[in-house]
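Q: Got start16.tsv for you, TSV, C-alpha atoms:
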chain	number	residue	atom	x	y	z
A	28	MET	CA	-17.76	-34.68	7.85
A	29	LEU	CA	-17.07	-34.04	11.55
A	30	ARG	CA	-13.76	-35.87	11.34
A	31	PHE	CA	-12.82	-33.84	8.28
A	32	LEU	CA	-13.65	-30.53	10.01
A	33	VAL	CA	-11.67	-31.44	13.12
A	34	ARG	CA	-8.67	-32.35	10.98
A	35	ARG	CA	-8.91	-29.05	9.09
A	36	ILE	CA	-9.24	-27.01	12.29
A	37	LEU	CA	-6.14	-28.63	13.78
A	38	GLY	CA	-4.26	-27.99	10.55
A	39	ALA	CA	-5.43	-24.36	10.59
A	40	ALA	CA	-4.05	-23.90	14.12
A	41	VAL	CA	-0.65	-25.18	12.99
A	42	ILE	CA	-0.68	-22.83	10.00
A	43	LEU	CA	-1.46	-19.82	12.20
A	44	VAL	CA	1.42	-20.68	14.55
A	45	ILE	CA	3.83	-20.97	11.61
A	46	ILE	CA	2.66	-17.65	10.17
A	47	SER	CA	3.08	-15.87	13.50
A	48	ALA	CA	6.59	-17.30	13.87
A	49	ILE	CA	7.53	-16.07	10.37
A	50	VAL	CA	6.28	-12.56	11.20
A	51	PHE	CA	8.33	-12.60	14.41
A	52	VAL	CA	11.46	-13.59	12.49
A	53	LEU	CA	10.90	-10.90	9.84
A	54	PHE	CA	10.37	-8.32	12.55
A	55	TYR	CA	13.74	-9.14	14.08
A	56	ALA	CA	15.36	-8.76	10.65
A	57	ALA	CA	14.08	-5.17	10.45
A	58	PRO	CA	16.86	-2.57	10.87
A	59	ARG	CA	14.89	-0.30	13.24
A	60	ASP	CA	14.64	-0.82	16.99
A	61	PRO	CA	11.07	-0.21	18.27
A	62	ALA	CA	12.39	0.55	21.76
A	63	ARG	CA	14.59	3.34	20.43
A	64	ILE	CA	11.63	4.78	18.49
A	65	ALA	CA	9.46	4.71	21.61
A	66	CYS	CA	12.24	6.11	23.80
A	67	GLY	CA	12.45	9.41	21.93
A	68	LYS	CA	15.36	11.74	21.19
A	69	ALA	CA	16.67	12.30	24.72
A	70	CYS	CA	17.22	8.61	25.37
A	71	THR	CA	19.92	7.26	27.69
A	72	PRO	CA	21.07	3.63	27.72
A	73	GLU	CA	19.34	3.12	31.07
A	74	THR	CA	16.05	4.53	29.75
A	75	LEU	CA	16.34	2.45	26.59
A	76	GLU	CA	16.77	-0.73	28.63
A	77	LEU	CA	13.78	0.21	30.79
A	78	VAL	CA	11.66	0.81	27.68
A	79	ARG	CA	12.66	-2.59	26.29
A	80	LYS	CA	11.62	-4.22	29.55
A	81	ASN	CA	8.31	-2.38	29.66
A	82	LEU	CA	7.54	-3.32	26.05
A	83	GLY	CA	8.42	-6.95	26.70
A	84	ILE	CA	11.25	-7.09	24.16
A	85	ALA	CA	14.25	-7.33	26.49
A	86	ASP	CA	14.36	-11.13	26.33
A	87	PRO	CA	15.83	-13.23	23.47
A	88	PHE	CA	13.66	-13.96	20.45
A	89	PRO	CA	12.53	-17.52	21.44
A	90	VAL	CA	11.50	-16.34	24.91
A	91	GLN	CA	9.56	-13.39	23.49
A	92	TYR	CA	7.73	-15.57	21.01
A	93	TRP	CA	6.86	-18.17	23.62
A	94	ASP	CA	5.56	-15.50	26.01
A	95	TRP	CA	3.44	-14.00	23.26
A	96	LEU	CA	2.07	-17.38	22.17
A	97	LYS	CA	1.34	-18.42	25.76
A	98	GLY	CA	-0.46	-15.12	26.38
A	99	ILE	CA	-3.13	-16.03	23.81
A	100	PHE	CA	-4.21	-19.03	25.89
A	101	VAL	CA	-3.43	-18.18	29.53
A	102	GLY	CA	-2.76	-14.44	29.59
A	103	ARG	CA	0.48	-12.60	30.29
A	104	ASP	CA	2.03	-10.32	32.91
A	105	TYR	CA	3.76	-7.07	31.87
A	106	ALA	CA	6.10	-4.96	33.96
A	107	SER	CA	4.31	-1.69	33.16
A	108	PHE	CA	0.82	-2.86	32.13
A	109	GLY	CA	0.10	-5.52	34.73
A	110	HIS	CA	-1.79	-8.68	33.87
A	111	CYS	CA	-3.26	-9.05	30.38
A	112	PRO	CA	-6.07	-11.65	30.43
A	113	ALA	CA	-6.39	-14.30	27.74
A	114	PRO	CA	-6.65	-14.02	24.82
A	115	CYS	CA	-3.82	-11.53	25.13
A	116	LEU	CA	-2.16	-10.25	21.97
A	117	GLY	CA	0.01	-7.78	23.86
A	118	TYR	CA	0.11	-4.00	23.93
A	119	SER	CA	0.95	-1.60	21.13
A	120	PHE	CA	4.48	-0.22	21.18
A	121	GLN	CA	3.18	3.19	20.12
A	122	ASN	CA	-0.02	4.02	22.00
A	123	ARG	CA	0.34	1.37	24.77
A	124	GLU	CA	-3.23	0.21	24.16
A	125	PRO	CA	-4.25	-3.49	24.15
A	126	VAL	CA	-3.89	-4.97	20.68
A	127	LEU	CA	-7.15	-6.91	20.93
A	128	SER	CA	-9.22	-3.82	21.71
A	129	THR	CA	-7.44	-1.82	18.98
A	130	ILE	CA	-8.26	-4.48	16.38
A	131	ALA	CA	-11.84	-4.76	17.70
A	132	ASP	CA	-12.27	-0.99	17.21
A	133	ARG	CA	-11.01	-1.12	13.61
A	134	PHE	CA	-12.59	-4.40	12.53
A	135	PRO	CA	-16.19	-3.12	12.02
A	136	THR	CA	-14.93	-0.69	9.34
A	137	THR	CA	-13.19	-3.46	7.42
A	138	LEU	CA	-16.11	-5.84	7.93
A	139	SER	CA	-18.60	-3.27	6.60
A	140	LEU	CA	-16.40	-2.52	3.59
A	141	SER	CA	-15.90	-6.22	2.81
A	142	LEU	CA	-19.49	-7.40	3.18
A	143	GLY	CA	-21.01	-4.47	1.28
A	144	SER	CA	-18.66	-4.72	-1.68
A	145	SER	CA	-18.92	-8.53	-1.71
A	146	ALA	CA	-22.71	-8.39	-1.98
A	147	ILE	CA	-22.44	-6.01	-4.94
A	148	TYR	CA	-19.78	-7.83	-6.94
A	149	LEU	CA	-21.35	-11.24	-6.33
A	150	VAL	CA	-24.78	-10.17	-7.60
A	151	PHE	CA	-23.53	-8.21	-10.61
A	152	GLY	CA	-20.52	-10.40	-11.39
A	153	ILE	CA	-22.32	-13.73	-11.34
A	154	GLY	CA	-25.38	-12.24	-13.02
A	155	ALA	CA	-23.38	-10.71	-15.87
A	156	GLY	CA	-21.34	-13.88	-16.28
A	157	MET	CA	-24.43	-16.08	-16.50
A	158	LEU	CA	-26.06	-13.72	-18.99
A	159	ALA	CA	-22.91	-13.69	-21.13
A	160	ALA	CA	-22.78	-17.50	-21.10
A	161	VAL	CA	-26.42	-17.82	-22.16
A	162	LYS	CA	-25.91	-15.25	-24.94
A	163	GLN	CA	-22.54	-16.68	-25.96
A	164	GLY	CA	-21.20	-15.08	-29.12
A	165	LYS	CA	-23.88	-12.39	-29.23
A	166	ALA	CA	-23.66	-8.66	-28.55
A	167	VAL	CA	-24.41	-9.03	-24.82
A	168	ASP	CA	-21.57	-11.51	-24.44
A	169	LYS	CA	-19.11	-9.29	-26.28
A	170	ILE	CA	-20.07	-6.19	-24.28
A	171	ALA	CA	-19.83	-8.02	-20.94
A	172	SER	CA	-16.49	-9.61	-21.85
A	173	SER	CA	-14.99	-6.32	-23.05
A	174	ALA	CA	-16.26	-4.36	-20.04
A	175	SER	CA	-14.92	-6.95	-17.60
A	176	LEU	CA	-11.52	-6.93	-19.31
A	177	ILE	CA	-11.31	-3.12	-19.07
A	178	ALA	CA	-12.53	-3.02	-15.45
A	179	SER	CA	-10.13	-5.74	-14.30
A	180	SER	CA	-7.22	-3.65	-15.67
A	181	MET	CA	-8.11	-0.66	-13.48
A	182	GLN	CA	-6.42	0.18	-10.19
A	183	ILE	CA	-8.35	1.05	-7.04
A	184	TYR	CA	-6.21	4.06	-6.14
A	185	VAL	CA	-6.92	5.59	-9.59
A	186	VAL	CA	-10.61	4.69	-9.82
A	187	GLY	CA	-11.15	5.77	-6.21
A	188	VAL	CA	-9.79	9.27	-6.78
A	189	LEU	CA	-11.77	9.69	-10.01
A	190	ALA	CA	-14.98	8.38	-8.43
A	191	THR	CA	-14.62	10.76	-5.48
A	192	TRP	CA	-13.93	13.70	-7.77
A	193	LEU	CA	-16.88	12.96	-10.08
A	194	LEU	CA	-19.55	11.54	-7.77
A	195	VAL	CA	-18.78	13.64	-4.70
A	196	ASP	CA	-17.00	16.86	-5.67
A	197	GLN	CA	-18.42	17.57	-9.14
A	198	TRP	CA	-21.87	15.99	-9.34
A	199	HIS	CA	-22.66	15.92	-5.59
A	200	LEU	CA	-24.50	12.62	-5.99
A	201	LEU	CA	-22.92	10.76	-3.08
A	202	ASP	CA	-21.31	11.56	0.26
A	203	ARG	CA	-17.58	11.52	0.87
A	204	ALA	CA	-16.27	8.21	2.17
A	205	SER	CA	-16.57	7.85	5.94
A	206	TYR	CA	-17.56	5.27	8.52
A	207	THR	CA	-20.52	5.54	10.87
A	208	PRO	CA	-21.34	2.51	13.03
A	209	PHE	CA	-24.35	0.63	11.72
A	210	THR	CA	-25.96	0.55	15.16
A	211	GLU	CA	-25.86	4.35	15.41
A	212	ASN	CA	-27.26	5.30	12.00
A	213	PRO	CA	-27.79	2.63	9.29
A	214	ALA	CA	-28.52	5.25	6.62
A	215	ALA	CA	-25.32	7.20	7.34
A	216	TRP	CA	-23.40	3.92	7.46
A	217	ALA	CA	-24.52	2.98	3.95
A	218	LYS	CA	-24.13	6.48	2.48
A	219	GLY	CA	-20.60	6.88	3.84
A	220	LEU	CA	-19.42	3.55	2.40
A	221	LEU	CA	-21.26	3.64	-0.93
A	222	VAL	CA	-18.38	5.14	-2.94
A	223	PRO	CA	-15.78	2.64	-1.60
A	224	TRP	CA	-18.25	-0.19	-2.22
A	225	ILE	CA	-18.74	0.88	-5.83
A	226	VAL	CA	-15.03	1.29	-6.50
A	227	LEU	CA	-13.97	-1.96	-4.82
A	228	SER	CA	-16.79	-3.99	-6.37
A	229	LEU	CA	-16.13	-2.59	-9.87
A	230	ILE	CA	-12.84	-4.44	-10.24
A	231	TRP	CA	-13.99	-7.60	-8.47
A	232	THR	CA	-17.20	-7.71	-10.51
A	233	ALA	CA	-15.08	-7.91	-13.65
A	234	ASN	CA	-13.17	-10.91	-12.29
A	235	TYR	CA	-16.34	-12.75	-11.28
A	236	THR	CA	-17.99	-12.00	-14.62
A	237	ARG	CA	-15.17	-13.61	-16.54
A	238	MET	CA	-14.92	-16.54	-14.14
A	239	THR	CA	-18.67	-17.23	-14.13
A	240	ARG	CA	-18.89	-17.01	-17.90
A	241	SER	CA	-16.02	-19.45	-18.46
A	242	GLN	CA	-17.42	-21.94	-15.93
A	243	MET	CA	-20.94	-21.75	-17.33
A	244	VAL	CA	-19.77	-22.18	-20.93
A	245	GLU	CA	-17.77	-25.24	-19.90
A	246	VAL	CA	-20.61	-26.81	-17.91
A	247	LEU	CA	-23.22	-26.14	-20.63
A	248	SER	CA	-21.20	-28.33	-22.97
A	249	GLU	CA	-21.08	-31.28	-20.55
A	250	ASP	CA	-22.81	-34.56	-21.43
A	251	TYR	CA	-25.23	-34.51	-18.51
A	252	VAL	CA	-26.51	-31.05	-19.52
A	253	ARG	CA	-27.07	-32.20	-23.10
A	254	THR	CA	-28.82	-35.30	-21.77
A	255	ALA	CA	-31.15	-33.16	-19.65
A	256	ARG	CA	-32.03	-31.11	-22.72
A	257	ALA	CA	-32.63	-34.27	-24.74
A	258	LYS	CA	-35.11	-35.47	-22.11
A	259	GLY	CA	-37.26	-32.44	-22.84
A	260	MET	CA	-36.55	-30.40	-19.73
A	261	SER	CA	-37.13	-26.69	-20.02
A	262	ARG	CA	-34.19	-24.41	-20.65
A	263	ARG	CA	-34.65	-22.71	-17.27
A	264	THR	CA	-34.66	-26.06	-15.42
A	265	VAL	CA	-31.53	-27.23	-17.21
A	266	PHE	CA	-29.79	-23.93	-16.58
A	267	PHE	CA	-30.50	-23.52	-12.87
A	268	ARG	CA	-30.83	-27.12	-11.72
A	269	PHE	CA	-27.86	-28.59	-13.55
A	270	ALA	CA	-25.58	-26.06	-15.23
A	271	TRP	CA	-25.61	-23.29	-12.59
A	272	ARG	CA	-25.07	-25.70	-9.73
A	273	GLY	CA	-22.20	-27.41	-11.51
A	274	ALA	CA	-20.45	-24.11	-12.20
A	275	MET	CA	-20.68	-22.77	-8.63
A	276	GLY	CA	-17.93	-24.95	-7.13
A	277	PRO	CA	-14.87	-22.98	-8.31
A	278	ILE	CA	-16.70	-19.67	-7.77
A	279	VAL	CA	-17.48	-20.53	-4.15
A	280	THR	CA	-13.83	-21.47	-3.63
A	281	ILE	CA	-12.52	-18.18	-4.99
A	282	PHE	CA	-15.15	-16.19	-3.10
A	283	GLY	CA	-14.10	-17.78	0.18
A	284	LEU	CA	-10.48	-16.78	-0.42
A	285	ASP	CA	-11.40	-13.28	-1.61
A	286	LEU	CA	-13.66	-12.56	1.37
A	287	GLY	CA	-10.98	-13.79	3.75
A	288	VAL	CA	-8.45	-11.45	2.15
A	289	LEU	CA	-10.85	-8.50	2.37
A	290	LEU	CA	-11.60	-9.20	6.04
A	291	GLY	CA	-7.87	-9.18	6.70
A	292	GLY	CA	-7.78	-5.57	5.53
A	293	ALA	CA	-8.44	-3.96	2.15
A	294	ILE	CA	-5.23	-1.94	2.42
A	295	ILE	CA	-5.35	-0.01	-0.87
A	296	THR	CA	-9.06	0.79	-0.61
A	297	GLU	CA	-8.83	1.96	2.99
A	298	SER	CA	-5.76	4.05	2.20
A	299	THR	CA	-7.44	5.63	-0.84
A	300	PHE	CA	-10.54	6.66	1.11
A	301	SER	CA	-8.83	7.21	4.51
A	302	LEU	CA	-10.97	4.59	6.22
A	303	GLN	CA	-9.54	3.57	9.58
A	304	GLY	CA	-9.82	-0.20	9.24
A	305	LEU	CA	-7.39	-3.09	9.61
A	306	GLY	CA	-5.64	-2.18	6.36
A	307	MET	CA	-4.66	1.28	7.56
A	308	LEU	CA	-3.77	-0.16	10.96
A	309	SER	CA	-1.36	-2.65	9.38
A	310	VAL	CA	0.29	0.05	7.25
A	311	LYS	CA	0.89	2.18	10.33
A	312	ALA	CA	2.20	-0.83	12.26
A	313	VAL	CA	4.75	-1.61	9.54
A	314	SER	CA	5.94	2.00	9.34
A	315	THR	CA	6.41	2.25	13.12
A	316	ASN	CA	7.73	-1.27	13.78
A	317	ASP	CA	4.75	-1.99	16.03
A	318	LEU	CA	5.14	-5.78	16.29
A	319	PRO	CA	2.12	-6.56	18.54
A	320	ILE	CA	-0.28	-4.70	16.24
A	321	LEU	CA	1.30	-6.25	13.14
A	322	LEU	CA	1.05	-9.75	14.61
A	323	GLY	CA	-2.57	-9.20	15.59
A	324	VAL	CA	-3.58	-8.00	12.12
A	325	VAL	CA	-1.69	-10.84	10.44
A	326	LEU	CA	-3.41	-13.38	12.69
A	327	VAL	CA	-6.82	-11.90	11.86
A	328	ALA	CA	-6.07	-11.93	8.13
A	329	ALA	CA	-4.65	-15.45	8.13
A	330	GLY	CA	-7.42	-16.68	10.42
A	331	ALA	CA	-10.11	-15.24	8.14
A	332	ILE	CA	-8.62	-16.97	5.09
A	333	VAL	CA	-8.25	-20.29	6.92
A	334	VAL	CA	-11.77	-20.16	8.38
A	335	PHE	CA	-13.37	-19.37	5.03
A	336	ASN	CA	-11.38	-22.17	3.42
A	337	ILE	CA	-12.90	-24.59	5.91
A	338	ILE	CA	-16.39	-23.15	5.30
A	339	VAL	CA	-15.92	-23.49	1.54
A	340	ASP	CA	-14.89	-27.13	1.91
A	341	ALA	CA	-18.05	-27.78	3.94
A	342	LEU	CA	-20.21	-25.98	1.35
A	343	TYR	CA	-18.86	-28.24	-1.38
A	344	ALA	CA	-20.84	-31.07	0.19
A	345	LEU	CA	-24.03	-29.08	-0.30
A	346	ILE	CA	-23.23	-28.03	-3.85
A	347	ASP	CA	-21.77	-31.25	-5.24
A	348	PRO	CA	-23.34	-34.61	-4.19
A	349	ARG	CA	-20.16	-36.40	-5.23
A	350	VAL	CA	-18.35	-34.79	-2.29
A	351	ARG	CA	-20.91	-36.19	0.15
A	352	LEU	CA	-20.51	-39.65	-1.34
A	353	ALA	CA	-16.71	-39.38	-1.04
Kindly transcribe the structure held in the file into structure tokens.

A:
Amino acid sequence: MLRFLVRRILGAAVILVIISAIVFVLFYAAPRDPARIACGKACTPETLELVRKNLGIADPFPVQYWDWLKGIFVGRDYASFGHCPAPCLGYSFQNREPVLSTIADRFPTTLSLSLGSSAIYLVFGIGAGMLAAVKQGKAVDKIASSASLIASSMQIYVVGVLATWLLVDQWHLLDRASYTPFTENPAAWAKGLLVPWIVLSLIWTANYTRMTRSQMVEVLSEDYVRTARAKGMSRRTVFFRFAWRGAMGPIVTIFGLDLGVLLGGAIITESTFSLQGLGMLSVKAVSTNDLPILLGVVLVAAGAIVVFNIIVDALYALIDPRVRLA
């Protein structure tokens, strides 16, 4: 297992380097010059060149990329900012703030949104899917399948506006979406994120309901489940000890990917509710050609997906004994 994890971690590092290089190349293909944007309207050629030097984009592309990559491990020196200690992701082209601290300020919002909604859609999605599988062909199964199909067809930016209008403006049941740090006021933290949690989990619950139902129906028809029933084991024992465990493999895999994507920034959800997380930060970085911020967010998103992939692979050994034997 240790050898496997080391191999996966080394592969993940290579993937992150390739992704960062692709983002650098795409940035250079963009038609807008970030130095000219930062220079302003009354910009002379001398001032423009000075701005490029201060931003660290006066050198050719390979040199810039190498300096940025080296800064992550050993730090980097800037003409106008001084020394940036490792891990250094550079400074924003727009507000001249360190990228690492900017991402650290926004990450708790995205983390809170992701973990809260994940807890909701996992509980309700897996629960509804298991219930539908047990009651296959009955009214409960048909209602759960129809509801999940309708919910999965909805869009967050539509459901979010309707939920805010009904739950907040009309019925006054919940507070308007906002973010309060958990350490300051846990109650305000939960109340401010409850509407985004409900909206985001609504669509994801539908996906997990359908996935869990299909996996459970398939596993319940396997030979080893029928053999367990033939031995006289109770229905609950067969369901939770054999069928449920056998169906969790694909669900754990998808959950690892989904959580990694959410931690990289739930762009549509954050934009709909004006939550200042990594999603909103990445949108602003794209619109202003802020390469350091964009690279930082992309690295966080890609790193979250890669890390959760490795965790999922390790969890397989706990779920499926055949993986441990292999």

Q: If you measure from atom CA of A:Ile46 to atom CA of A:Leu142, what distance in Å do you get, rounded to one decimal?

A: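 Computing it gives 25.4 Å between the two atoms.
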
Q: Nearest to A:Lys169 among A:Arg133, A:Arg103, A:Arg123, A:Arg240, with distances taken over only C-alpha atoms: which residue is it?

A: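 Smallest distance to A:Lys169 is found for A:Arg240.
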
Q: Between A:Leu127, A:Ala62, A:Pro135, A:Phe51, which residue has the minimum interatomic distance to A:Gln91, considering all atoms listed in the file?

A: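 So, comparing all the options, the nearest one is A:Phe51.
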
Q: Got a sec: who's within 9 Å of A:Thr191, counting all atoms listed in the file, leaving out chain neighbours fewer than 5 positions off, as a PyMOL selection string?

A: chain A and resi 186+196-197+201-204+222+300

Q: Within 10 Å of (-7.2, -0.9, 10.6) (coordinates as in the file), grab all the protein and nucleic acid residues, counting only C-alpha atoms, and write them out as a list in words.

A: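 Using only C-alpha atoms, the matching residues come out as Thr129, Ile130, Ala131, Asp132, Arg133, Phe134, Pro135, Thr136, Thr137, Gly291, Gly292, Ala293, Ile294, Glu297, Ser298, Leu302, Gln303, Gly304, Leu305, Gly306, Met307, Leu308, Ser309, Val310, Lys311, Ala312, Ile320 and Val324 of chain A.
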
Q: Hey, what's within 9 Å of A:Gly154 if we count all atoms listed in the file and toss same-chain stuff fewer than 4 positions away? As a list in words, please?

A: Leu149, Val150, Leu158, Ala159, Thr236 and Thr239 of chain A

Q: Which residue out of A:Tyr55, A:Leu318, A:Ala113, A:Gln121 has the minimum interatomic distance to A:Pro89 when only C-alpha atoms are used?

A: A:Tyr55

Q: Smallest atom-to-atom distance to A:Ile230: which of A:Thr264, A:Gln163, A:Thr299, A:Ser144, using only C-alpha atoms?

A: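 Under the stated criterion, the closest residue is A:Ser144.
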